[in-house]
file protein_19.pdb (PDB, C-alpha atoms and all ligand atoms)
MODEL        1
ATOM      1  CA  MET A  58     -53.104 -10.441  -7.229
ATOM      2  CA  LEU A  59     -49.353 -10.857  -7.292
ATOM      3  CA  LEU A  60     -47.388  -9.937  -4.212
ATOM      4  CA  LEU A  61     -43.779  -8.982  -4.727
ATOM      5  CA  LEU A  62     -41.839  -9.696  -1.585
ATOM      6  CA  THR A  63     -38.559  -7.976  -0.752
ATOM      7  CA  THR A  64     -35.650 -10.210   0.067
ATOM      8  CA  ALA A  65     -35.913 -11.328   3.667
ATOM      9  CA  CYS A  66     -32.987 -11.881   5.935
ATOM     10  CA  ILE A  67     -31.706 -15.414   5.915
ATOM     11  CA  PHE A  68     -30.114 -17.281   8.772
ATOM     12  CA  ASP A  69     -28.755 -20.626   7.684
ATOM     13  CA  SER A  70     -28.263 -22.572  10.902
ATOM     14  CA  ASP A  71     -26.568 -25.443   9.069
ATOM     15  CA  ASN A  72     -23.862 -23.163   7.793
ATOM     16  CA  PRO A  73     -23.948 -19.697   9.305
ATOM     17  CA  LEU A  74     -21.283 -18.610   6.840
ATOM     18  CA  PHE A  75     -24.042 -18.458   4.266
ATOM     19  CA  SER A  76     -26.298 -16.346   6.498
ATOM     20  CA  ASP A  77     -27.457 -13.009   5.108
ATOM     21  CA  LEU A  78     -28.827 -11.302   8.193
ATOM     22  CA  ASP A  79     -29.163  -7.831   6.697
ATOM     23  CA  GLY A  80     -30.870  -9.147   3.566
ATOM     24  CA  ASP A  81     -28.597  -7.367   1.086
ATOM     25  CA  GLY A  82     -27.992 -10.530  -0.903
ATOM     26  CA  VAL A  83     -24.402 -10.882   0.312
ATOM     27  CA  SER A  84     -23.549 -13.463   2.956
ATOM     28  CA  VAL A  85     -20.698 -13.533   5.448
ATOM     29  CA  TYR A  86     -19.178 -16.162   3.208
ATOM     30  CA  GLN A  87     -19.212 -13.648   0.380
ATOM     31  CA  GLY A  88     -17.580 -11.027   2.560
ATOM     32  CA  ASP A  89     -20.406  -9.150   4.283
ATOM     33  CA  CYS A  90     -18.722  -8.354   7.593
ATOM     34  CA  VAL A  91     -21.843  -6.534   8.804
ATOM     35  CA  ASP A  92     -23.591  -9.913   8.858
ATOM     36  CA  ASN A  93     -20.965 -11.126  11.309
ATOM     37  CA  LYS A  94     -21.990  -8.752  14.086
ATOM     38  CA  GLY A  95     -21.956 -10.639  17.331
ATOM     39  CA  GLY A  96     -19.042 -12.706  16.104
ATOM     40  CA  LEU A  97     -20.955 -15.744  14.843
ATOM     41  CA  GLN A  98     -17.913 -16.503  12.751
ATOM     42  CA  GLY A  99     -14.226 -15.772  12.913
ATOM     43  CA  PRO A 100     -13.303 -12.440  11.328
ATOM     44  CA  VAL A 101     -11.337 -13.896   8.424
ATOM     45  CA  VAL A 102     -12.987 -15.912   5.646
ATOM     46  CA  LEU A 103     -11.060 -18.112   3.234
ATOM     47  CA  ASN A 104     -12.867 -20.326   0.751
ATOM     48  CA  ASP A 105     -15.445 -22.256   2.809
ATOM     49  CA  ALA A 106     -13.970 -21.645   6.243
ATOM     50  CA  ASP A 107     -13.680 -18.860   8.766
ATOM     51  CA  TYR A 108     -10.709 -18.193  11.030
ATOM     52  CA  ASP A 109     -10.198 -16.420  14.331
ATOM     53  CA  SER A 110      -6.791 -15.085  13.303
ATOM     54  CA  LEU A 111      -5.374 -13.768  10.060
ATOM     55  CA  THR A 112      -2.183 -15.713  10.734
ATOM     56  CA  GLU A 113      -4.079 -19.036  10.736
ATOM     57  CA  ALA A 114      -5.990 -18.112   7.595
ATOM     58  CA  VAL A 115      -2.842 -17.120   5.700
ATOM     59  CA  GLN A 116      -1.202 -20.407   6.728
ATOM     60  CA  ALA A 117      -4.193 -22.270   5.276
ATOM     61  CA  ALA A 118      -4.229 -20.280   2.033
ATOM     62  CA  ILE A 119      -2.477 -21.190  -1.203
ATOM     63  CA  PRO A 120      -1.310 -18.902  -4.012
ATOM     64  CA  GLY A 121      -4.289 -17.439  -5.864
ATOM     65  CA  ASP A 122      -6.565 -17.410  -2.826
ATOM     66  CA  THR A 123      -8.524 -14.385  -1.633
ATOM     67  CA  LEU A 124      -8.934 -13.788   2.093
ATOM     68  CA  ILE A 125     -11.789 -11.568   3.298
ATOM     69  CA  VAL A 126     -10.779  -9.711   6.454
ATOM     70  CA  CYS A 127     -13.343  -8.013   8.709
ATOM     71  CA  PRO A 128     -12.617  -4.984  10.932
ATOM     72  CA  GLY A 129     -10.206  -5.530  13.787
ATOM     73  CA  GLU A 130      -6.490  -5.463  14.542
ATOM     74  CA  TYR A 131      -4.289  -8.280  13.322
ATOM     75  CA  ASP A 132      -0.682  -9.361  13.706
ATOM     76  CA  ALA A 133       1.734  -8.917  10.817
ATOM     77  CA  VAL A 134       1.663 -11.623   8.129
ATOM     78  CA  THR A 135       3.503 -12.678   4.990
ATOM     79  CA  VAL A 136       1.382 -13.289   1.885
ATOM     80  CA  ASN A 137       2.607 -15.080  -1.226
ATOM     81  CA  SER A 138       0.564 -14.459  -4.400
ATOM     82  CA  MET A 139      -2.657 -13.849  -2.488
ATOM     83  CA  THR A 140      -5.313 -11.176  -2.227
ATOM     84  CA  LEU A 141      -6.038  -9.740   1.220
ATOM     85  CA  GLU A 142      -9.343  -7.941   0.973
ATOM     86  CA  GLY A 143     -10.232  -5.885   4.025
ATOM     87  CA  ARG A 144     -13.860  -4.874   4.450
ATOM     88  CA  PRO A 145     -13.613  -1.728   6.581
ATOM     89  CA  GLU A 146     -17.346  -1.523   7.228
ATOM     90  CA  GLY A 147     -17.875  -0.165  10.718
ATOM     91  CA  GLY A 148     -14.173  -0.177  11.579
ATOM     92  CA  ASP A 149     -10.656  -0.278  10.156
ATOM     93  CA  VAL A 150      -8.950  -3.496   9.161
ATOM     94  CA  ILE A 151      -5.546  -2.976  10.751
ATOM     95  CA  LEU A 152      -2.362  -4.997  10.343
ATOM     96  CA  HIS A 153       0.031  -3.919  13.086
ATOM     97  CA  GLY A 154       3.768  -4.501  12.891
ATOM     98  CA  ARG A 155       4.120  -3.984  16.656
ATOM     99  CA  GLY A 156       7.633  -2.670  16.142
ATOM    100  CA  ASP A 157       8.860  -6.094  15.028
ATOM    101  CA  GLY A 158       9.175  -6.377  11.243
ATOM    102  CA  ALA A 159       6.939  -5.051   8.470
ATOM    103  CA  ALA A 160       3.192  -4.743   9.055
ATOM    104  CA  ILE A 161       2.869  -6.951   5.966
ATOM    105  CA  THR A 162       5.438  -8.764   3.848
ATOM    106  CA  VAL A 163       4.423  -9.429   0.269
ATOM    107  CA  LEU A 164       5.827 -12.092  -2.059
ATOM    108  CA  GLY A 165       4.896 -13.172  -5.564
ATOM    109  CA  ASP A 166       2.026 -11.333  -7.214
ATOM    110  CA  SER A 167      -0.198 -10.045  -4.411
ATOM    111  CA  THR A 168      -3.045  -7.588  -3.944
ATOM    112  CA  LEU A 169      -3.989  -5.642  -0.817
ATOM    113  CA  ILE A 170      -7.404  -3.973  -0.552
ATOM    114  CA  GLY A 171      -8.995  -1.944   2.234
ATOM    115  CA  LEU A 172      -6.227  -2.396   4.798
ATOM    116  CA  THR A 173      -4.473  -0.097   7.266
ATOM    117  CA  LEU A 174      -0.785  -0.962   7.684
ATOM    118  CA  THR A 175       0.859   0.569  10.738
ATOM    119  CA  GLY A 176       3.433   0.093  13.497
ATOM    120  CA  GLY A 177       5.983  -1.671  11.278
ATOM    121  CA  ILE A 178       9.753  -1.298  11.205
ATOM    122  CA  GLY A 179      10.469  -3.285   8.032
ATOM    123  CA  THR A 180      12.641  -6.272   7.217
ATOM    124  CA  ASN A 181      16.356  -6.431   7.885
ATOM    125  CA  TYR A 182      18.218  -7.003   4.610
ATOM    126  CA  GLN A 183      21.976  -7.056   5.140
ATOM    127  CA  GLY A 184      21.921  -4.675   8.047
ATOM    128  CA  ALA A 185      19.334  -2.148   6.838
ATOM    129  CA  ARG A 186      15.580  -2.245   7.424
ATOM    130  CA  TRP A 187      13.323  -1.846   4.378
ATOM    131  CA  GLY A 188       9.559  -1.533   4.018
ATOM    132  CA  GLY A 189       8.310  -0.485   7.427
ATOM    133  CA  GLY A 190       4.618  -0.806   6.594
ATOM    134  CA  VAL A 191       4.711  -2.908   3.433
ATOM    135  CA  ASP A 192       7.799  -4.900   2.495
ATOM    136  CA  ALA A 193       7.269  -6.029  -1.093
ATOM    137  CA  ALA A 194      10.967  -5.841  -1.974
ATOM    138  CA  MET A 195      11.085  -9.528  -2.931
ATOM    139  CA  ALA A 196       7.684  -9.589  -4.685
ATOM    140  CA  SER A 197       7.165  -9.529  -8.436
ATOM    141  CA  SER A 198       3.964  -7.490  -8.383
ATOM    142  CA  LEU A 199       2.213  -5.357  -5.766
ATOM    143  CA  THR A 200      -1.276  -3.951  -6.207
ATOM    144  CA  MET A 201      -2.817  -1.866  -3.415
ATOM    145  CA  THR A 202      -6.264  -0.264  -3.460
ATOM    146  CA  ASP A 203      -8.015   1.782  -0.768
ATOM    147  CA  CYS A 204      -5.258   1.258   1.791
ATOM    148  CA  VAL A 205      -3.735   3.480   4.481
ATOM    149  CA  VAL A 206      -0.023   3.175   5.329
ATOM    150  CA  GLU A 207       0.794   5.274   8.365
ATOM    151  CA  GLY A 208       3.065   5.461  11.378
ATOM    152  CA  ASN A 209       5.773   3.073  10.175
ATOM    153  CA  SER A 210       9.551   3.446  10.229
ATOM    154  CA  ALA A 211      12.596   1.850   8.615
ATOM    155  CA  ASP A 212      16.045   2.733   7.354
ATOM    156  CA  ASN A 213      14.689   2.902   3.782
ATOM    157  CA  ALA A 214      11.151   2.914   2.312
ATOM    158  CA  ALA A 215       9.416   3.493   5.620
ATOM    159  CA  GLY A 216       5.881   3.254   4.230
ATOM    160  CA  ILE A 217       6.130   0.923   1.236
ATOM    161  CA  ALA A 218       9.158  -0.861  -0.288
ATOM    162  CA  GLY A 219       8.066  -1.824  -3.799
ATOM    163  CA  PRO A 220       9.100  -4.903  -5.763
ATOM    164  CA  GLN A 221      12.692  -4.536  -6.952
ATOM    165  CA  GLU A 222      13.178  -7.361  -9.429
ATOM    166  CA  LEU A 223      13.504  -6.518 -13.120
ATOM    167  CA  GLY A 224      10.069  -6.422 -14.765
ATOM    168  CA  SER A 225       8.258  -5.868 -11.477
ATOM    169  CA  VAL A 226       4.984  -3.982 -11.380
ATOM    170  CA  THR A 227       3.555  -1.710  -8.691
ATOM    171  CA  VAL A 228       0.052  -0.240  -8.851
ATOM    172  CA  LEU A 229      -1.285   1.943  -6.028
ATOM    173  CA  GLU A 230      -4.813   3.336  -6.295
ATOM    174  CA  ASP A 231      -6.522   5.444  -3.631
ATOM    175  CA  VAL A 232      -3.729   4.717  -1.173
ATOM    176  CA  ARG A 233      -2.865   7.166   1.600
ATOM    177  CA  VAL A 234       0.752   7.066   2.781
ATOM    178  CA  ARG A 235       1.300   9.366   5.730
ATOM    179  CA  GLN A 236       3.495  10.032   8.741
ATOM    180  CA  ASN A 237       6.109   7.394   8.037
ATOM    181  CA  HIS A 238       9.773   7.979   8.898
ATOM    182  CA  ALA A 239      12.888   6.719   7.138
ATOM    183  CA  LEU A 240      16.309   7.115   8.707
ATOM    184  CA  THR A 241      17.901   7.232   5.248
ATOM    185  CA  TYR A 242      15.947   7.092   1.945
ATOM    186  CA  GLY A 243      12.221   7.067   1.167
ATOM    187  CA  GLY A 244      10.018   8.357   3.956
ATOM    188  CA  GLY A 245       6.813   7.399   2.150
ATOM    189  CA  VAL A 246       7.380   4.963  -0.700
ATOM    190  CA  MET A 247      10.364   3.641  -2.640
ATOM    191  CA  LEU A 248       9.337   2.088  -5.975
ATOM    192  CA  TYR A 249      11.066   0.487  -8.966
ATOM    193  CA  ASP A 250      10.510  -0.438 -12.604
ATOM    194  CA  SER A 251       6.852  -0.214 -13.758
ATOM    195  CA  VAL A 252       4.980   2.072 -11.352
ATOM    196  CA  THR A 253       1.434   3.439 -11.542
ATOM    197  CA  LEU A 254      -0.011   5.676  -8.829
ATOM    198  CA  ILE A 255      -3.650   6.731  -9.171
ATOM    199  CA  ASP A 256      -5.308   9.230  -6.816
ATOM    200  CA  THR A 257      -2.748   8.389  -4.177
ATOM    201  CA  VAL A 258      -1.884  10.805  -1.365
ATOM    202  CA  VAL A 259       1.673  10.849   0.028
ATOM    203  CA  ARG A 260       1.662  13.245   2.941
ATOM    204  CA  ASP A 261       3.732  14.252   5.979
ATOM    205  CA  ASN A 262       6.419  11.616   5.569
ATOM    206  CA  VAL A 263      10.044  12.200   6.542
ATOM    207  CA  ALA A 264      13.377  10.887   5.281
ATOM    208  CA  ASP A 265      16.387  11.974   7.285
ATOM    209  CA  SER A 266      18.548  11.830   4.131
ATOM    210  CA  GLN A 267      16.855  11.852   0.686
ATOM    211  CA  GLY A 268      13.361  11.351  -0.768
ATOM    212  CA  GLY A 269      10.880  12.426   1.877
ATOM    213  CA  GLY A 270       7.697  11.387   0.070
ATOM    214  CA  VAL A 271       8.336   9.311  -3.038
ATOM    215  CA  VAL A 272      11.561   7.720  -4.294
ATOM    216  CA  LEU A 273      11.425   6.324  -7.836
ATOM    217  CA  VAL A 274      14.399   4.187  -8.910
ATOM    218  CA  GLU A 275      14.930   3.181 -12.540
ATOM    219  CA  THR A 276      11.204   3.556 -13.163
ATOM    220  CA  GLU A 277       8.780   4.000 -15.952
ATOM    221  CA  ALA A 278       6.251   5.721 -13.710
ATOM    222  CA  LEU A 279       2.833   7.267 -14.237
ATOM    223  CA  ILE A 280       1.494   9.281 -11.333
ATOM    224  CA  SER A 281      -2.047  10.440 -11.971
ATOM    225  CA  GLY A 282      -4.109  12.559  -9.576
ATOM    226  CA  GLY A 283      -3.653  12.637  -5.842
ATOM    227  CA  SER A 284      -1.109  14.748  -4.003
ATOM    228  CA  ILE A 285       2.427  14.810  -2.658
ATOM    229  CA  GLU A 286       2.420  17.268   0.215
ATOM    230  CA  GLY A 287       4.043  18.144   3.494
ATOM    231  CA  ASN A 288       6.890  15.662   3.091
ATOM    232  CA  SER A 289      10.443  16.494   4.088
ATOM    233  CA  ALA A 290      13.949  15.243   3.499
ATOM    234  CA  GLY A 291      17.145  16.064   5.354
ATOM    235  CA  SER A 292      19.177  16.873   2.263
ATOM    236  CA  ALA A 293      17.319  16.419  -1.048
ATOM    237  CA  GLY A 294      14.052  15.395  -2.670
ATOM    238  CA  GLY A 295      11.461  16.507  -0.136
ATOM    239  CA  GLY A 296       8.506  15.494  -2.318
ATOM    240  CA  VAL A 297       9.972  13.232  -5.003
ATOM    241  CA  LEU A 298      13.444  11.851  -5.705
ATOM    242  CA  LEU A 299      13.535  10.430  -9.249
ATOM    243  CA  ALA A 300      16.714   8.364  -9.603
ATOM    244  CA  VAL A 301      17.799   7.240 -13.082
ATOM    245  CA  GLY A 302      14.226   6.780 -14.268
ATOM    246  CA  ARG A 303      11.322   8.362 -16.051
ATOM    247  CA  ALA A 304       8.090   9.633 -14.550
ATOM    248  CA  THR A 305       4.975  11.344 -15.884
ATOM    249  CA  PHE A 306       2.885  13.413 -13.482
ATOM    250  CA  ASP A 307      -0.680  14.119 -14.532
ATOM    251  CA  GLY A 308      -2.761  16.351 -12.284
ATOM    252  CA  VAL A 309      -0.714  15.689  -9.162
ATOM    253  CA  GLU A 310      -0.817  18.380  -6.483
ATOM    254  CA  PHE A 311       2.555  19.303  -4.984
ATOM    255  CA  ASP A 312       2.491  21.384  -1.826
ATOM    256  CA  LEU A 313       4.706  22.244   1.133
ATOM    257  CA  ASN A 314       7.447  19.686   0.563
ATOM    258  CA  THR A 315      10.842  20.639   2.008
ATOM    259  CA  PRO A 316      13.492  21.405   1.020
ATOM    260  CA  GLU A 317      11.839  21.147  -2.432
ATOM    261  CA  ASP A 318       9.198  19.249  -4.410
ATOM    262  CA  LEU A 319      11.320  17.428  -6.941
ATOM    263  CA  VAL A 320      14.906  16.293  -7.402
ATOM    264  CA  LEU A 321      16.313  14.288 -10.315
ATOM    265  CA  GLN A 322      19.323  12.038  -9.753
ATOM    266  CA  ASP A 323      21.431  10.900 -12.711
ATOM    267  CA  ASN A 324      23.429   7.685 -12.996
ATOM    268  CA  ARG A 325      26.475   9.284 -11.387
ATOM    269  CA  GLY A 326      24.421  10.130  -8.300
ATOM    270  CA  THR A 327      24.355  13.856  -9.034
ATOM    271  CA  ASN A 328      21.187  15.617  -7.897
ATOM    272  CA  THR A 329      19.425  18.340  -9.863
ATOM    273  CA  THR A 330      16.524  20.267  -8.373
ATOM    274  CA  ALA A 331      13.655  20.572 -10.848
ATOM    275  CA  ALA A 332      10.782  23.027 -10.736
ATOM    276  CA  VAL A 333       7.292  21.574 -11.038
ATOM    277  CA  PRO A 334       6.411  23.089 -14.415
ATOM    278  CA  GLY A 335       2.624  22.710 -14.262
ATOM    279  CA  SER A 336      -0.079  20.224 -13.499
ATOM    280  CA  SER A 337       1.012  17.743 -16.157
ATOM    281  CA  PHE A 338       4.629  17.082 -17.053
ATOM    282  CA  SER A 339       7.204  14.373 -17.619
ATOM    283  CA  CYS A 340      10.690  13.988 -16.181
ATOM    284  CA  ASP A 341      13.624  11.987 -17.487
ATOM    285  CA  ALA A 342      16.603  11.235 -15.249
ATOM    286  CA  THR A 343      18.051   8.441 -17.367
ATOM    287  CA  SER A 344      20.696  10.565 -19.073
ATOM    288  CA  SER A 345      23.470  12.810 -17.809
ATOM    289  CA  THR A 346      21.223  15.828 -18.479
ATOM    290  CA  PRO A 347      18.056  15.101 -16.479
ATOM    291  CA  GLY A 348      15.087  17.410 -16.815
ATOM    292  CA  CYS A 349      11.331  17.866 -16.833
ATOM    293  CA  GLN A 350       8.999  19.338 -19.388
TER     294      GLN A 350
HETATM  295 CA    CA B   1     -25.683  -9.498   4.014
ENDMDL
END
call {"tool": "encode", "arguments": {"input": "protein_19.pdb", "output": "structure tokens", "more": "lines below"}}
Ligand SMILES: [Ca+2]
result
Amino acid sequence: MLLLLTTACIFDSDNPLFSDLDGDGVSVYQGDCVDNKGGLQGPVVLNDADYDSLTEAVQAAIPGDTLIVCPGEYDAVTVNSMTLEGRPEGGDVILHGRGDGAAITVLGDSTLIGLTLTGGIGTNYQGARWGGGVDAAMASSLTMTDCVVEGNSADNAAGIAGPQELGSVTVLEDVRVRQNHALTYGGGVMLYDSVTLIDTVVRDNVADSQGGGVVLVETEALISGGSIEGNSAGSAGGGVLLAVGRATFDGVEFDLNTPEDLVLQDNRGTNTTAAVPGSSFSCDATSSTPGCQ
């Protein structure tokens, strides 16, 4: 008779990083934070080592590395061409700006997964603060998946300041950007060049001047699914301010943005309020006669 045994839990006393206490086939080393209950290891795993602080782990990392981050609250860091992969199993993985800079600063081609970015006030560039939660202004590519960006402030781009260099790429999927406050432009996000937003919710953000939720500058943008709701701007572009760019909206829900959902800005800086014509439409603000259809 053949007995089929289920996988038993494994505790490897020689290297507890390889332990699989819950028997799901994934070790702490492979990113199973549940296996780290009791704090056998530090909460951040990089290659074959664990670290007590995210700051130490990031200092040890090189471009191309992936850092696994278990639930907890961490100080702000700067990542350069790395992947920060939070595993919010049993708790949030929080990077806190503590009112002193961005919650995270991103350089190069970096990816953020499963993180909550809060309490940031951005980076001071020539007298104005940008990117309260996420400052990726000097990055070439920003990819964010399953992240929350909330409770940050800055002069511009209070939630997320996207990469600004020519040819830059921003991809946000299942990101929730809420309750961020810009003193000037971009309460939620301010994004440039190639932009893709998938199932992303931009909600209850405020810009005292223009672009309460989303500011798109010189973009080729695709915004698919998700919602832009409850955002407000002092003068124009409560939901979206599209400045000298193109954007396609596919199944995006607009609701309760003030003073309006959508404003197009041409290359002379003239604003035109546009109605949201349906659930799927495209806007072009690259000419002197901006419009949506
Ligand atoms: Ca496991």
call {"tool": "residues_around", "arguments": {"input": "protein_19.pdb", "residues": "A:Asp149", "least_positions_apart": "5", "cutoff": "7 Å", "atoms": "only C-alpha atoms", "output": "list of chain:residue names"}}
result
A:Pro128, A:Gly129, A:Thr173
call {"tool": "residues_around", "arguments": {"input": "protein_19.pdb", "residues": "A:Thr168", "least_positions_apart": "6", "cutoff": "9 Å", "atoms": "all atoms listed in the file", "output": "list in words"}}
result
Ser138, Met139, Thr140, Leu141, Glu142, Ser198, Leu199, Thr200, Met201 and Thr202 of chain A
call {"tool": "write_last_selection", "arguments": {"input": "protein_19.pdb", "atoms": "C-alpha atoms", "output": "short mmCIF file (atom, residue, chain, number, x, y, z; two decimals), keeping the file's coordinate frame"}}
result
data_model
loop_
_atom_site.label_atom_id
_atom_site.label_comp_id
_atom_site.auth_asym_id
_atom_site.auth_seq_id
_atom_site.Cartn_x
_atom_site.Cartn_y
_atom_site.Cartn_z
CA SER A 138 0.56 -14.46 -4.40
CA MET A 139 -2.66 -13.85 -2.49
CA THR A 140 -5.31 -11.18 -2.23
CA LEU A 141 -6.04 -9.74 1.22
CA GLU A 142 -9.34 -7.94 0.97
CA SER A 198 3.96 -7.49 -8.38
CA LEU A 199 2.21 -5.36 -5.77
CA THR A 200 -1.28 -3.95 -6.21
CA MET A 201 -2.82 -1.87 -3.42
CA THR A 202 -6.26 -0.26 -3.46
#
call {"tool": "residues_around", "arguments": {"input": "protein_19.pdb", "residues": "stretch 231-241 of chain A", "least_positions_apart": "6", "cutoff": "10 Å", "atoms": "only C-alpha atoms", "output": "PyMOL selection string"}}
result
chain A and resi 170-178+185-190+201-217+254-271+282-291
call {"tool": "write_last_selection", "arguments": {"input": "protein_19.pdb", "atoms": "C-alpha atoms", "output": "mmCIF file, keeping the file's coordinate frame"}}
result
data_model
loop_
_atom_site.group_PDB
_atom_site.id
_atom_site.type_symbol
_atom_site.label_atom_id
_atom_site.label_comp_id
_atom_site.auth_asym_id
_atom_site.auth_seq_id
_atom_site.Cartn_x
_atom_site.Cartn_y
_atom_site.Cartn_z
ATOM 1 C CA ILE A 170 -7.404 -3.973 -0.552
ATOM 2 C CA GLY A 171 -8.995 -1.944 2.234
ATOM 3 C CA LEU A 172 -6.227 -2.396 4.798
ATOM 4 C CA THR A 173 -4.473 -0.097 7.266
ATOM 5 C CA LEU A 174 -0.785 -0.962 7.684
ATOM 6 C CA THR A 175 0.859 0.569 10.738
ATOM 7 C CA GLY A 176 3.433 0.093 13.497
ATOM 8 C CA GLY A 177 5.983 -1.671 11.278
ATOM 9 C CA ILE A 178 9.753 -1.298 11.205
ATOM 10 C CA ALA A 185 19.334 -2.148 6.838
ATOM 11 C CA ARG A 186 15.580 -2.245 7.424
ATOM 12 C CA TRP A 187 13.323 -1.846 4.378
ATOM 13 C CA GLY A 188 9.559 -1.533 4.018
ATOM 14 C CA GLY A 189 8.310 -0.485 7.427
ATOM 15 C CA GLY A 190 4.618 -0.806 6.594
ATOM 16 C CA MET A 201 -2.817 -1.866 -3.415
ATOM 17 C CA THR A 202 -6.264 -0.264 -3.460
ATOM 18 C CA ASP A 203 -8.015 1.782 -0.768
ATOM 19 C CA CYS A 204 -5.258 1.258 1.791
ATOM 20 C CA VAL A 205 -3.735 3.480 4.481
ATOM 21 C CA VAL A 206 -0.023 3.175 5.329
ATOM 22 C CA GLU A 207 0.794 5.274 8.365
ATOM 23 C CA GLY A 208 3.065 5.461 11.378
ATOM 24 C CA ASN A 209 5.773 3.073 10.175
ATOM 25 C CA SER A 210 9.551 3.446 10.229
ATOM 26 C CA ALA A 211 12.596 1.850 8.615
ATOM 27 C CA ASP A 212 16.045 2.733 7.354
ATOM 28 C CA ASN A 213 14.689 2.902 3.782
ATOM 29 C CA ALA A 214 11.151 2.914 2.312
ATOM 30 C CA ALA A 215 9.416 3.493 5.620
ATOM 31 C CA GLY A 216 5.881 3.254 4.230
ATOM 32 C CA ILE A 217 6.130 0.923 1.236
ATOM 33 C CA LEU A 254 -0.011 5.676 -8.829
ATOM 34 C CA ILE A 255 -3.650 6.731 -9.171
ATOM 35 C CA ASP A 256 -5.308 9.230 -6.816
ATOM 36 C CA THR A 257 -2.748 8.389 -4.177
ATOM 37 C CA VAL A 258 -1.884 10.805 -1.365
ATOM 38 C CA VAL A 259 1.673 10.849 0.028
ATOM 39 C CA ARG A 260 1.662 13.245 2.941
ATOM 40 C CA ASP A 261 3.732 14.252 5.979
ATOM 41 C CA ASN A 262 6.419 11.616 5.569
ATOM 42 C CA VAL A 263 10.044 12.200 6.542
ATOM 43 C CA ALA A 264 13.377 10.887 5.281
ATOM 44 C CA ASP A 265 16.387 11.974 7.285
ATOM 45 C CA SER A 266 18.548 11.830 4.131
ATOM 46 C CA GLN A 267 16.855 11.852 0.686
ATOM 47 C CA GLY A 268 13.361 11.351 -0.768
ATOM 48 C CA GLY A 269 10.880 12.426 1.877
ATOM 49 C CA GLY A 270 7.697 11.387 0.070
ATOM 50 C CA VAL A 271 8.336 9.311 -3.038
ATOM 51 C CA GLY A 282 -4.109 12.559 -9.576
ATOM 52 C CA GLY A 283 -3.653 12.637 -5.842
ATOM 53 C CA SER A 284 -1.109 14.748 -4.003
ATOM 54 C CA ILE A 285 2.427 14.810 -2.658
ATOM 55 C CA GLU A 286 2.420 17.268 0.215
ATOM 56 C CA GLY A 287 4.043 18.144 3.494
ATOM 57 C CA ASN A 288 6.890 15.662 3.091
ATOM 58 C CA SER A 289 10.443 16.494 4.088
ATOM 59 C CA ALA A 290 13.949 15.243 3.499
ATOM 60 C CA GLY A 291 17.145 16.064 5.354
#
call {"tool": "residues_near_ligand", "arguments": {"input": "protein_19.pdb", "ligand": "ligand CA 1 (chain B)", "cutoff": "7 Å", "atoms": "all atoms listed in the file", "output": "ChimeraX atom specification"}}
result
/A:77-85,89,91-92
call {"tool": "resolve_selection", "arguments": {"input": "protein_19.pdb", "expression": "the PyMOL selection byres (((chain A and resi 345) around 9) and not hetatm)", "output": "PyMOL selection string"}}
result
chain A and resi 323-325+327+342-344+346-347
call {"tool": "atom_distance", "arguments": {"input": "protein_19.pdb", "atom1": "atom CA of A:Gly348", "atom2": "atom CA of A:Ala300"}}
result
11.7 Å
call {"tool": "atom_distance", "arguments": {"input": "protein_19.pdb", "atom1": "atom CA of A:Phe306", "atom2": "atom CA of A:Ser336"}}
result
7.4 Å
call {"tool": "closest_residue", "arguments": {"input": "protein_19.pdb", "among": "A:Thr315, A:Ser337, A:Ser292, A:Asn328", "to": "A:Leu279", "atoms": "all atoms listed in the file"}}
result
A:Ser337
call {"tool": "axis_aligned_box", "arguments": {"input": "protein_19.pdb", "around": "stretch 239-242 of chain A", "padding_each_side": "3 Å", "output": "JSON"}}
result
{"center_x": 15.4, "center_y": 7.0, "center_z": 5.3, "size_x": 11.0, "size_y": 6.5, "size_z": 12.8}
call {"tool": "residues_around", "arguments": {"input": "protein_19.pdb", "residues": "A:Glu130", "least_positions_apart": "4", "cutoff": "8 Å", "atoms": "all atoms listed in the file", "output": "ChimeraX atom specification"}}
result
/A:149-153
call {"tool": "closest_residue", "arguments": {"input": "protein_19.pdb", "among": "A:Gln183, A:Asn137, A:Asp192, A:Val228", "to": "A:Gly158", "atoms": "all atoms listed in the file"}}
result
A:Asp192
call {"tool": "residues_around", "arguments": {"input": "protein_19.pdb", "residues": "A:Leu298", "least_positions_apart": "5", "cutoff": "6 Å", "atoms": "all atoms listed in the file", "output": "number ranges by chain"}}
result
A: 268, 272, 320-321
call {"tool": "resolve_selection", "arguments": {"input": "protein_19.pdb", "expression": "the PyMOL selection byres (((chain A and resi 118) around 12) and not hetatm)", "output": "ChimeraX atom specification"}}
result
/A:101-108,111-117,119-125,135-141
call {"tool": "write_last_selection", "arguments": {"input": "protein_19.pdb", "atoms": "C-alpha atoms", "output": "short mmCIF file (atom, residue, chain, number, x, y, z; two decimals), keeping the file's coordinate frame"}}
result
data_model
loop_
_atom_site.label_atom_id
_atom_site.label_comp_id
_atom_site.auth_asym_id
_atom_site.auth_seq_id
_atom_site.Cartn_x
_atom_site.Cartn_y
_atom_site.Cartn_z
CA VAL A 101 -11.34 -13.90 8.42
CA VAL A 102 -12.99 -15.91 5.65
CA LEU A 103 -11.06 -18.11 3.23
CA ASN A 104 -12.87 -20.33 0.75
CA ASP A 105 -15.44 -22.26 2.81
CA ALA A 106 -13.97 -21.64 6.24
CA ASP A 107 -13.68 -18.86 8.77
CA TYR A 108 -10.71 -18.19 11.03
CA LEU A 111 -5.37 -13.77 10.06
CA THR A 112 -2.18 -15.71 10.73
CA GLU A 113 -4.08 -19.04 10.74
CA ALA A 114 -5.99 -18.11 7.60
CA VAL A 115 -2.84 -17.12 5.70
CA GLN A 116 -1.20 -20.41 6.73
CA ALA A 117 -4.19 -22.27 5.28
CA ILE A 119 -2.48 -21.19 -1.20
CA PRO A 120 -1.31 -18.90 -4.01
CA GLY A 121 -4.29 -17.44 -5.86
CA ASP A 122 -6.56 -17.41 -2.83
CA THR A 123 -8.52 -14.38 -1.63
CA LEU A 124 -8.93 -13.79 2.09
CA ILE A 125 -11.79 -11.57 3.30
CA THR A 135 3.50 -12.68 4.99
CA VAL A 136 1.38 -13.29 1.88
CA ASN A 137 2.61 -15.08 -1.23
CA SER A 138 0.56 -14.46 -4.40
CA MET A 139 -2.66 -13.85 -2.49
CA THR A 140 -5.31 -11.18 -2.23
CA LEU A 141 -6.04 -9.74 1.22
#
